[in-house]
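**Student:** See run-v8.txt below, with compact mmCIF, C-alpha atoms.
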```txt
# COMPACT_ATOMS: atom_id res chain seq x y z
CA MET A 1 -14.23 -49.39 -13.46
CA SER A 2 -13.49 -48.75 -9.79
CA LYS A 3 -15.23 -45.57 -8.73
CA TYR A 4 -15.10 -43.47 -5.59
CA ILE A 5 -17.52 -40.72 -4.66
CA LEU A 6 -16.05 -37.82 -2.73
CA LYS A 7 -19.02 -36.30 -0.90
CA VAL A 8 -17.82 -32.82 -0.08
CA PRO A 9 -19.19 -31.86 3.34
CA ALA A 10 -21.65 -29.04 3.88
CA SER A 11 -20.06 -28.32 7.23
CA GLN A 12 -17.74 -25.37 7.74
CA GLN A 13 -16.24 -27.01 10.83
CA SER A 14 -12.53 -27.87 10.62
CA GLN A 15 -13.02 -31.21 12.33
CA ASP A 16 -15.58 -32.32 9.76
CA TRP A 17 -13.31 -31.29 6.92
CA PHE A 18 -10.21 -33.04 8.22
CA ASN A 19 -12.17 -36.16 9.12
CA PHE A 20 -13.48 -36.11 5.53
CA VAL A 21 -9.90 -35.77 4.22
CA ASN A 22 -8.49 -38.52 6.42
CA GLU A 23 -11.30 -40.91 5.56
CA SER A 24 -11.04 -40.19 1.84
CA LEU A 25 -7.27 -40.68 1.76
CA LYS A 26 -7.77 -44.29 2.81
CA HIS A 27 -9.37 -44.95 -0.59
CA THR A 28 -6.98 -43.50 -3.18
CA GLU A 29 -5.57 -46.79 -4.42
CA ASN A 30 -6.92 -48.49 -7.56
CA ILE A 31 -9.57 -45.87 -8.22
CA LYS A 32 -10.08 -45.17 -11.89
CA GLN A 33 -12.93 -42.70 -11.57
CA LEU A 34 -13.36 -40.09 -8.85
CA VAL A 35 -16.68 -38.28 -8.63
CA VAL A 36 -16.53 -35.08 -6.59
CA ASP A 37 -20.04 -34.57 -5.26
CA PHE A 38 -21.01 -31.01 -4.31
CA ASN A 39 -24.68 -31.79 -3.61
CA CYS A 40 -24.40 -30.85 0.06
CA VAL A 41 -22.32 -27.71 -0.49
CA ARG A 42 -23.62 -24.16 -0.42
CA PHE A 43 -20.43 -22.26 0.26
CA MET A 44 -16.71 -22.94 0.62
CA GLU A 45 -13.96 -20.75 2.06
CA THR A 46 -10.58 -20.35 0.35
CA ASP A 47 -9.00 -22.85 2.73
CA ASP A 48 -11.71 -25.43 1.95
CA PHE A 49 -10.91 -25.09 -1.76
CA VAL A 50 -7.19 -25.68 -1.38
CA ILE A 51 -7.71 -28.63 0.96
CA LEU A 52 -10.17 -30.16 -1.50
CA ALA A 53 -7.76 -29.50 -4.38
CA CYS A 54 -4.98 -31.37 -2.58
CA LEU A 55 -7.39 -34.23 -1.85
CA ILE A 56 -8.50 -34.50 -5.48
CA GLU A 57 -4.85 -34.36 -6.51
CA SER A 58 -4.15 -37.34 -4.24
CA PHE A 59 -6.49 -39.41 -6.40
CA TYR A 60 -5.58 -37.77 -9.72
CA SER A 61 -1.87 -38.38 -9.22
CA LYS A 62 -2.65 -42.10 -9.24
CA ASP A 63 -4.05 -41.95 -12.78
CA CYS A 64 -7.63 -41.41 -11.77
CA GLU A 65 -10.18 -39.61 -13.95
CA VAL A 66 -11.99 -36.83 -12.12
CA GLN A 67 -15.60 -35.77 -12.61
CA PHE A 68 -17.76 -33.30 -10.77
CA THR A 69 -21.43 -33.39 -9.90
CA GLY A 70 -23.97 -31.40 -7.93
CA GLY A 71 -23.79 -28.00 -6.31
CA THR A 72 -26.03 -24.97 -6.68
CA GLU A 73 -25.93 -22.77 -9.77
CA GLY A 74 -24.23 -19.99 -7.84
CA PHE A 75 -21.64 -22.33 -6.40
CA ASN A 76 -20.84 -23.85 -9.78
CA HIS A 77 -20.55 -20.37 -11.23
CA HIS A 78 -17.89 -19.63 -8.63
CA LEU A 79 -16.10 -22.88 -9.49
CA TYR A 80 -16.17 -21.80 -13.12
CA ASN A 81 -14.79 -18.37 -12.24
CA ILE A 82 -11.78 -19.78 -10.39
CA LYS A 83 -11.38 -22.58 -12.96
CA PHE A 84 -11.47 -25.15 -10.18
CA LYS A 85 -12.69 -28.03 -12.33
CA GLU A 86 -10.24 -27.23 -15.15
CA TYR A 87 -7.30 -28.59 -13.25
CA TRP A 88 -8.38 -32.14 -13.69
CA LYS A 89 -9.60 -31.89 -17.27
CA LYS A 90 -7.62 -33.57 -20.02
CA GLY A 91 -5.50 -31.15 -21.97
CA PHE A 92 -5.46 -28.37 -19.36
CA ASN A 93 -1.96 -26.95 -19.03
CA ARG A 94 -1.37 -27.13 -15.29
CA ASP A 95 1.97 -25.41 -15.41
CA LYS A 96 0.92 -22.27 -17.19
CA PHE A 97 -0.66 -19.28 -15.51
CA THR A 98 -4.32 -18.79 -16.32
CA LEU A 99 -6.65 -15.86 -15.71
CA SER A 100 -9.75 -16.30 -13.62
CA HIS A 101 -13.20 -15.22 -14.79
CA ASN A 102 -13.67 -13.34 -11.55
CA GLN A 103 -12.28 -9.93 -10.76
CA THR A 104 -11.69 -10.48 -7.07
CA THR A 105 -10.32 -14.03 -6.95
CA LEU A 106 -7.26 -15.48 -8.59
CA CYS A 107 -7.70 -18.96 -9.99
CA LEU A 108 -6.93 -22.00 -7.96
CA TRP A 109 -3.27 -22.58 -8.66
CA LYS A 110 -1.05 -25.61 -8.31
CA ILE A 111 2.21 -24.80 -6.61
CA SER A 112 5.35 -25.79 -8.47
CA GLN A 113 8.89 -24.55 -8.28
CA ASP A 114 8.60 -23.05 -11.73
CA MET A 115 5.65 -20.88 -10.81
CA ILE A 116 6.61 -19.45 -7.43
CA SER A 117 7.74 -16.03 -8.48
CA SER A 118 5.38 -15.72 -11.42
CA TYR A 119 2.33 -16.38 -9.23
CA SER A 120 3.31 -13.96 -6.48
CA ASN A 121 4.27 -11.27 -8.98
CA TYR A 122 1.05 -11.76 -10.88
CA ALA A 123 -0.99 -11.63 -7.67
CA LYS A 124 0.73 -8.38 -6.76
CA LYS A 125 0.01 -6.79 -10.13
CA TYR A 126 -3.52 -8.19 -10.27
CA PHE A 127 -4.57 -6.75 -6.93
CA GLU A 128 -2.74 -3.47 -7.31
CA ARG A 129 -5.76 -2.33 -9.28
CA TYR A 130 -7.75 -2.17 -6.06
CA THR A 131 -5.17 -0.59 -3.83
CA ASN A 132 -4.94 3.05 -4.76
CA ASN A 133 -1.16 3.02 -5.19
CA LYS A 134 -0.18 0.73 -2.34
CA ASP A 135 3.11 -1.16 -2.35
CA LEU A 136 2.16 -4.86 -2.45
CA VAL A 137 5.71 -6.22 -2.58
CA PRO A 138 5.40 -7.55 1.01
CA LEU A 139 2.31 -9.54 0.00
CA ALA A 140 4.18 -11.12 -2.93
CA SER A 141 7.30 -11.92 -0.92
CA ASN A 142 5.24 -13.56 1.82
CA MET A 143 3.50 -15.78 -0.70
CA ASP A 144 7.00 -16.81 -1.80
CA GLU A 145 7.86 -17.61 1.82
CA VAL A 146 4.95 -20.04 2.07
CA PHE A 147 5.82 -21.66 -1.27
CA ASN A 148 9.49 -22.05 -0.36
CA ASN A 149 8.48 -23.50 2.99
CA ILE A 150 6.59 -26.22 1.11
CA PHE A 151 9.50 -26.99 -1.18
CA ASP A 152 12.16 -26.91 1.49
CA HIS A 153 10.42 -28.85 4.24
CA SER A 154 7.12 -30.50 3.41
CA LYS A 155 8.10 -33.51 1.25
CA SER A 156 4.53 -33.39 -0.01
CA PRO A 157 3.61 -36.34 -2.27
CA VAL A 158 1.11 -34.18 -4.17
CA SER A 159 1.27 -30.60 -5.37
CA GLY A 160 0.20 -27.91 -2.96
CA TYR A 161 -2.47 -25.42 -3.98
CA ILE A 162 -3.16 -21.74 -3.43
CA ILE A 163 -6.13 -19.44 -3.82
CA THR A 164 -6.01 -15.69 -3.32
CA GLN A 165 -9.14 -13.64 -2.74
CA TYR A 166 -9.78 -9.91 -2.47
CA TYR A 167 -12.64 -8.63 -0.28
CA PRO A 168 -13.68 -5.21 -1.60
CA LYS A 169 -15.98 -4.34 1.33
CA ASN A 170 -13.13 -4.19 3.83
CA ASN A 171 -10.19 -3.90 1.42
CA LYS A 172 -8.55 -7.12 2.56
CA ILE A 173 -6.72 -9.87 0.72
CA SER A 174 -6.49 -13.39 1.95
CA PHE A 175 -4.55 -16.31 0.54
CA SER A 176 -4.80 -19.95 1.58
CA VAL A 177 -2.13 -22.51 0.84
CA CYS A 178 -2.37 -26.23 1.52
CA ASP A 179 -0.02 -29.16 1.10
CA PHE A 180 -0.30 -32.81 2.14
CA GLY A 181 3.28 -33.15 3.29
CA LEU A 182 4.93 -34.05 6.56
CA GLY A 183 3.47 -31.16 8.48
CA ILE A 184 5.42 -28.59 10.44
CA PRO A 185 5.37 -30.44 13.79
CA ASN A 186 6.44 -33.77 12.25
CA ALA A 187 9.22 -32.08 10.30
CA ILE A 188 10.49 -30.44 13.49
CA LYS A 189 10.29 -33.66 15.51
CA LYS A 190 12.22 -35.57 12.83
CA SER A 191 14.93 -32.93 12.60
CA GLN A 192 18.30 -32.85 14.32
CA ILE A 193 17.18 -30.17 16.75
CA LYS A 194 17.51 -31.17 20.39
CA ASP A 195 14.65 -31.34 22.87
CA VAL A 196 11.82 -31.22 20.34
CA LYS A 197 11.08 -34.91 19.83
CA ASN A 198 8.13 -34.87 22.19
CA ILE A 199 7.00 -31.30 21.74
CA GLU A 200 3.26 -30.76 21.37
CA ASP A 201 2.21 -29.98 17.82
CA TRP A 202 0.86 -26.50 18.52
CA LYS A 203 4.10 -25.62 20.33
CA ALA A 204 6.07 -26.86 17.34
CA ILE A 205 4.09 -24.55 15.06
CA LEU A 206 4.75 -21.65 17.43
CA LYS A 207 8.44 -22.52 17.38
CA SER A 208 8.46 -22.48 13.58
CA LEU A 209 7.34 -18.84 13.71
CA GLU A 210 10.32 -17.77 15.82
CA LYS A 211 12.92 -15.63 14.10
CA GLY A 212 15.98 -17.75 13.40
CA PHE A 213 14.36 -21.11 14.12
CA SER A 214 15.04 -23.56 11.32
CA ILE A 215 15.29 -27.29 10.90
CA LYS A 216 17.77 -26.66 8.11
CA SER A 217 16.20 -28.96 5.57
CA THR A 218 18.44 -27.16 3.10
CA PRO A 219 21.83 -25.68 4.01
CA ARG A 220 20.72 -22.10 3.48
CA ASN A 221 17.61 -22.12 5.66
CA ARG A 222 17.97 -19.41 8.26
CA GLY A 223 14.57 -19.36 9.95
CA PHE A 224 13.17 -16.15 8.50
CA GLY A 225 10.41 -17.42 6.20
CA LEU A 226 7.49 -18.11 8.55
CA HIS A 227 8.63 -15.33 10.87
CA ASN A 228 8.31 -12.89 7.97
CA ILE A 229 4.72 -13.99 7.47
CA LEU A 230 4.05 -13.39 11.16
CA GLU A 231 5.62 -9.92 10.91
CA LEU A 232 3.41 -9.08 7.94
CA THR A 233 0.35 -10.22 9.88
CA GLU A 234 1.26 -7.90 12.75
CA SER A 235 2.13 -4.90 10.61
CA SER A 236 -0.91 -5.22 8.35
CA ASN A 237 -3.63 -5.59 11.01
CA GLY A 238 -3.90 -9.10 9.64
CA GLN A 239 -4.59 -12.65 10.66
CA LEU A 240 -2.59 -15.82 10.36
CA CYS A 241 -3.84 -19.35 10.85
CA ILE A 242 -1.67 -22.45 10.59
CA ILE A 243 -3.11 -25.93 10.94
CA SER A 244 -0.64 -28.77 10.77
CA ASN A 245 -0.67 -32.36 12.10
CA ASN A 246 -2.49 -32.12 15.44
CA GLY A 247 -1.84 -28.43 16.07
CA VAL A 248 -3.46 -25.12 15.29
CA VAL A 249 -2.11 -21.61 15.79
CA GLU A 250 -4.10 -18.47 15.13
CA LYS A 251 -2.72 -14.98 15.43
CA ARG A 252 -4.53 -11.72 14.94
CA ALA A 253 -2.52 -8.51 14.90
CA ASN A 254 -2.05 -7.02 18.36
CA GLU A 255 -3.75 -9.96 20.07
CA PHE A 256 -2.37 -12.98 21.87
CA TYR A 257 -1.94 -16.28 20.10
CA LYS A 258 -4.78 -18.79 20.15
CA SER A 259 -3.26 -22.21 19.88
CA GLY A 260 -3.81 -25.78 20.90
CA ASN A 261 -4.29 -29.35 19.84
CA LEU A 262 -6.91 -30.09 17.23
CA GLY A 263 -7.95 -33.42 18.64
CA TYR A 264 -7.60 -34.98 15.19
CA ASN A 265 -4.67 -35.32 12.82
CA PHE A 266 -3.98 -33.56 9.55
CA ASN A 267 -1.10 -34.93 7.48
CA GLY A 268 -0.11 -31.69 5.90
CA THR A 269 -0.12 -27.96 6.46
CA LEU A 270 -2.74 -25.32 5.84
CA VAL A 271 -1.67 -21.68 6.00
CA LYS A 272 -4.19 -18.88 5.74
CA VAL A 273 -3.06 -15.27 5.72
CA GLU A 274 -5.27 -12.23 5.68
CA VAL A 275 -3.92 -8.69 5.31
CA ASP A 276 -5.55 -5.28 5.44
CA LEU A 277 -4.51 -3.29 2.40
CA ASN A 278 -5.29 -0.03 4.18
CA THR A 279 -2.14 -0.59 6.27
CA PHE A 280 0.25 -1.06 3.38
CA GLU A 281 2.76 1.64 2.51
CA GLU A 282 2.34 3.82 -0.54
CA LYS A 283 4.24 2.78 -3.62
CA ASP A 284 7.58 4.51 -3.80
CA GLU A 285 8.93 4.89 -7.31
CA THR A 286 11.75 7.24 -6.36
CA GLN A 287 15.32 6.24 -7.08
CA GLN A 288 17.99 7.07 -4.56
CA ILE A 289 21.41 5.65 -3.80
CA PHE A 290 21.78 4.01 -0.40
CA ASP A 291 24.70 2.77 1.64
CA PHE A 292 24.26 0.04 4.21
CA MET B 1 31.99 1.41 -9.73
CA LYS B 2 29.99 -1.12 -11.71
CA ASN B 3 26.30 -0.42 -12.31
CA LEU B 4 24.14 -3.53 -12.36
CA ILE B 5 20.39 -4.08 -12.58
CA LEU B 6 19.01 -6.95 -10.51
CA LYS B 7 16.38 -8.08 -13.01
CA ASP B 8 19.08 -8.42 -15.66
CA LEU B 9 21.22 -10.63 -13.43
CA VAL B 10 18.67 -13.14 -12.14
CA LYS B 11 15.63 -14.97 -13.55
CA ASN B 12 13.70 -14.50 -10.32
CA SER B 13 14.27 -13.22 -6.81
CA SER B 14 12.52 -16.02 -4.95
CA SER B 15 14.75 -19.11 -5.34
CA ASN B 16 17.99 -20.28 -3.79
CA GLU B 17 19.44 -20.97 -7.23
CA GLU B 18 19.07 -17.39 -8.37
CA GLY B 19 20.32 -16.18 -5.00
CA MET B 20 23.56 -18.04 -5.75
CA VAL B 21 23.83 -16.19 -9.05
CA LEU B 22 23.68 -12.89 -7.20
CA PHE B 23 26.13 -14.10 -4.57
CA ASN B 24 28.63 -14.93 -7.32
CA VAL B 25 28.27 -11.39 -8.66
CA PHE B 26 28.93 -9.95 -5.20
CA GLN B 27 31.87 -12.28 -4.62
CA GLU B 28 33.49 -11.53 -7.94
CA ALA B 29 33.19 -7.81 -7.30
CA TYR B 30 34.67 -8.13 -3.83
CA LEU B 31 37.58 -10.30 -4.95
CA ASN B 32 38.32 -7.86 -7.79
CA ASN B 33 38.09 -4.89 -5.46
CA THR B 34 35.18 -3.43 -7.43
CA GLN B 35 32.21 -1.62 -5.93
CA ILE B 36 28.74 -2.45 -7.24
CA LEU B 37 25.77 -0.14 -7.53
CA LEU B 38 22.89 -2.61 -7.66
CA GLU B 39 19.64 -1.20 -9.02
CA ILE B 40 16.55 -2.91 -7.63
CA GLY B 41 13.16 -2.07 -9.09
CA SER B 42 10.46 -0.92 -6.70
CA ASP B 43 8.14 -3.76 -7.72
CA ILE B 44 10.58 -6.62 -7.08
CA SER B 45 9.87 -8.95 -4.17
CA MET B 46 12.78 -10.89 -2.70
CA SER B 47 12.18 -13.99 -0.62
CA SER B 48 14.25 -14.89 2.41
CA SER B 49 15.54 -17.94 0.51
CA PHE B 50 16.90 -15.68 -2.22
CA LEU B 51 18.41 -13.26 0.29
CA ASN B 52 19.93 -16.04 2.40
CA THR B 53 21.75 -17.47 -0.60
CA SER B 54 22.94 -14.11 -1.90
CA ILE B 55 23.46 -11.52 0.81
CA GLY B 56 23.41 -13.99 3.71
CA GLU B 57 26.07 -16.15 2.09
CA PHE B 58 28.25 -13.09 1.51
CA LEU B 59 27.81 -11.92 5.09
CA ASP B 60 28.79 -15.37 6.37
CA LYS B 61 31.85 -15.58 4.19
CA TYR B 62 33.20 -12.04 4.23
CA GLY B 63 31.31 -10.12 6.92
CA PHE B 64 29.13 -7.06 6.98
CA LEU B 65 31.90 -4.46 6.57
CA LYS B 66 33.09 -6.05 3.33
CA PHE B 67 29.49 -6.19 2.10
CA LYS B 68 29.01 -2.53 2.93
CA GLU B 69 32.21 -1.66 1.06
CA THR B 70 31.24 -3.73 -1.97
CA VAL B 71 27.53 -3.06 -2.48
CA LYS B 72 25.45 0.10 -2.74
CA ILE B 73 21.78 0.06 -3.64
CA LYS B 74 19.88 2.19 -6.12
CA GLY B 75 16.16 2.10 -5.69
CA SER B 76 13.25 3.19 -3.59
CA GLU B 77 13.40 3.81 0.13
CA ASN B 78 10.87 0.99 0.67
CA GLN B 79 13.15 -1.49 -1.07
CA PHE B 80 16.25 -0.33 0.72
CA ASN B 81 14.48 -0.53 4.09
CA ARG B 82 13.42 -4.12 3.39
CA LEU B 83 16.99 -5.11 2.54
CA ASN B 84 18.40 -3.21 5.47
CA ASN B 85 15.90 -4.88 7.76
CA TYR B 86 16.95 -8.30 6.45
CA ILE B 87 20.65 -7.53 6.94
CA ASN B 88 20.10 -6.27 10.48
CA LYS B 89 18.15 -9.41 11.38
CA TYR B 90 20.85 -11.58 9.82
CA LYS B 91 23.62 -9.74 11.64
CA ASP B 92 21.82 -10.00 14.97
CA LEU B 93 21.41 -13.75 14.63
CA TYR B 94 24.36 -15.00 12.66
CA ILE B 95 27.24 -12.55 12.52
CA ALA B 96 29.47 -12.25 15.58
```
Would you mind giving the structure from this file in C-alpha cells?

**Tutor:**
Amino acid sequence: MSKYILKVPASQQSQDWFNFVNESLKHTENIKQLVVDFNCVRFMETDDFVILACLIESFYSKDCEVQFTGGTEGFNHHLYNIKFKEYWKKGFNRDKFTLSHNQTTLCLWKISQDMISSYSNYAKKYFERYTNNKDLVPLASNMDEVFNNIFDHSKSPVSGYIITQYYPKNNKISFSVCDFGLGIPNAIKKSQIKDVKNIEDWKAILKSLEKGFSIKSTPRNRGFGLHNILELTESSNGQLCIISNNGVVEKRANEFYKSGNLGYNFNGTLVKVEVDLNTFEEKDETQQIFDF
Amino acid sequence: MKNLILKDLVKNSSSNEEGMVLFNVFQEAYLNNTQILLEIGSDISMSSSFLNTSIGEFLDKYGFLKFKETVKIKGSENQFNRLNNYINKYKDLYIA
C-alpha cells in the first residue's frame, strides 16, 4: 500500500508552511494511506488548521485513507475539541453541522454551497453568548462574503475550510478560511479586465478589495464582497490578512496596508479576519417602518 | 399594500438563487402596481451576492425611484441602515 507521511511543521513561519504545502502537493497521486504526523507540533493557529485541512483534503479526495499520529496530549485534546480528525473518518457526515467540544472554537468546517448560510448563522448565534447583546449580523454576512468569493471565483479542486475562534481575554473573534483554488491574483490576471495581466500579486489583492472591482466570474458580481470585509475590519478595530499566489496584504484598522510579494507561491487563498466585539453595535429588536 | 416576511419567501439570504426569488417578488409587485412592506428580522444577515441578485437587479432594471415606490422595510434600524448603505453604494457605482 503506497503511503505518504505528512510531517506537519513545528514552525509558525508562513514560508515554512507554504513550502510544506507545495512540496506535499507534489505527492498526492496514487497514495492509498496518508499519515498526518504531528510529532513536531506544539501549537497551531486557526490559519494553520485550515491550510492543513485543505492539504489533507487534496489527498483524501483521491481516495486516500487518512490516519493521524503524534502530537502532545494538549494538542490532541484541542484536535478532539474541534473534531479535526473526524473529517477524514469513515462514516462521518461531512455535510451536516456538528458541535465542537470546546466553548470558544467552532469545529473545523468544510465549505460547501449547502452550508454557507447555516454556518454563518450558527456562528452568529453561538458567539452571541459572549457578546452581551451585540449585533453579530455583520460577522455572519462577512463570512458569507468569503464563502461566496470561493464559489464564484476560486475554482478550487478541493473543498475550502473554515475555523472560527473566540478569544475571551480581549473579546475578539477571528475566522480563517482557506481554499486551494486559482488564487485572487491569478483569477484577476486571467479575467477580461484590461491592464492587469502583468500586475504584481499583492497589487492584485489590493485591487480585489476596491469597492466595485469585480472580475465578473458570474453575471451578478458587483465587487462588494471583499470590500465589505475590509469595511468590517476598519469599523471593528479589526485585522485582515489575505495571502494568495505570491502576494500578501495585511490591514489593521486605522493603519496603512502592509503588502508585498511573498517570495514563494501559494496556489490558493487564505483569508484571516479578526474583529473586536467591543466595537459592534447593540442588538436592535425594535420594529419600525422605513422608506428608502 | 402587501405585507411579506423575508424568511418566508427565501430559503436563505446568502445565495444568488434565493436573491432571484426575492427579485421576482419585487418585480411582480412593481408590474402589478402593488407596494410591498417587507419585514426583515433583526438577526438575518444578507450577503452582497443575495442583494445584488435581488435589489441590485431591480435597481438595474427599473431604477431607484421605482424601487422606492415599490418597497418599504419593516425591521430594526440596524437592518434598514445596512440595506440603505448597500443601495447607496450600488447607486453611486452603477445607477446613472

**Student:** Where does segment 21-95 of chain B meet segment 5-10 of chain B within 6 Å, residue by residue, with the nearest atom pair and distance in Å to one decimal for each, counting only C-alpha atoms, listed by chain and rising number, as JSON lines?

**Tutor:**
```
{"residue": "B:Leu38", "atom": "CA", "partner": "B:Ile5", "partner_atom": "CA", "distance": 5.7}
{"residue": "B:Glu39", "atom": "CA", "partner": "B:Ile5", "partner_atom": "CA", "distance": 4.6}
{"residue": "B:Ile40", "atom": "CA", "partner": "B:Leu6", "partner_atom": "CA", "distance": 5.5}
```

**Student:** Quick one: which residues from chain A are at most 10 Å off chain B, using all atoms listed in the file, as a VMD selection string?

**Tutor:** chain A and resid 113 to 114 116 to 118 120 to 121 124 to 125 135 to 149 152 211 to 212 218 to 226 228 281 to 292

**Student:** Expressed in Å to a single decimal, how great is the separation between atom CA of Tyr166 of chain A and atom CA of Phe38 of chain A?

**Tutor:**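 One can read the atom CA of Tyr166 of chain A to atom CA of Phe38 of chain A distance as 24.0 Å.
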
**Student:** Excluding Ala96 of chain B and its own-chain neighbours fewer than 4 positions away, which residues fall within 10 Å of it when counting only C-alpha atoms? Please give them as a list in words.

**Tutor:** Asp60, Gly63, Lys91 and Asp92 of chain B

**Student:** Kindly give the distance, in Å, that separates atom CA of Thr28 of chain A and atom CA of Ile188 of chain A, rounded to a single decimal.

**Tutor:** 27.5 Å

**Student:** Show which residues sit within 9 Å of segment 7-19 of chain A, as a PyMOL selection string. Count all atoms listed in the file, and ignore same-chain residues fewer than 5 positions away.

**Tutor:** chain A and resi 24+35-45+48+51-52+262-266

**Student:** Extract, using all atoms listed in the file, all DNA, RNA and protein residues at most 10 Å from Asn24 of chain B, discarding same-chain residues fewer than 4 positions from it, and format them as a PyMOL selection string.

**Tutor:** chain B and resi 18-20+28-30+53-54+57-58

**Student:** For atom CA of Ser235 of chain A and atom CA of Tyr257 of chain A, determine how far apart the two atoms are, in Å to one decimal place.

**Tutor:**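 Straight-line distance from atom CA of Ser235 of chain A to atom CA of Tyr257 of chain A works out to 15.4 Å.
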
**Student:** Give as a CSV table (one decimal) with C-alpha atoms, in the coordinates of the input the set of residues within 10 Å of the point (-11.7, -3.2, 1.3), where distances use the file's coordinates and all atoms listed in the file.

**Tutor:**
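Final output, saved to result_22.csv:
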```csv
chain,number,residue,atom,x,y,z
A,130,TYR,CA,-7.8,-2.2,-6.1
A,131,THR,CA,-5.2,-0.6,-3.8
A,166,TYR,CA,-9.8,-9.9,-2.5
A,167,TYR,CA,-12.6,-8.6,-0.3
A,168,PRO,CA,-13.7,-5.2,-1.6
A,169,LYS,CA,-16.0,-4.3,1.3
A,170,ASN,CA,-13.1,-4.2,3.8
A,171,ASN,CA,-10.2,-3.9,1.4
A,172,LYS,CA,-8.6,-7.1,2.6
A,173,ILE,CA,-6.7,-9.9,0.7
A,276,ASP,CA,-5.6,-5.3,5.4
A,277,LEU,CA,-4.5,-3.3,2.4
A,278,ASN,CA,-5.3,0.0,4.2
```
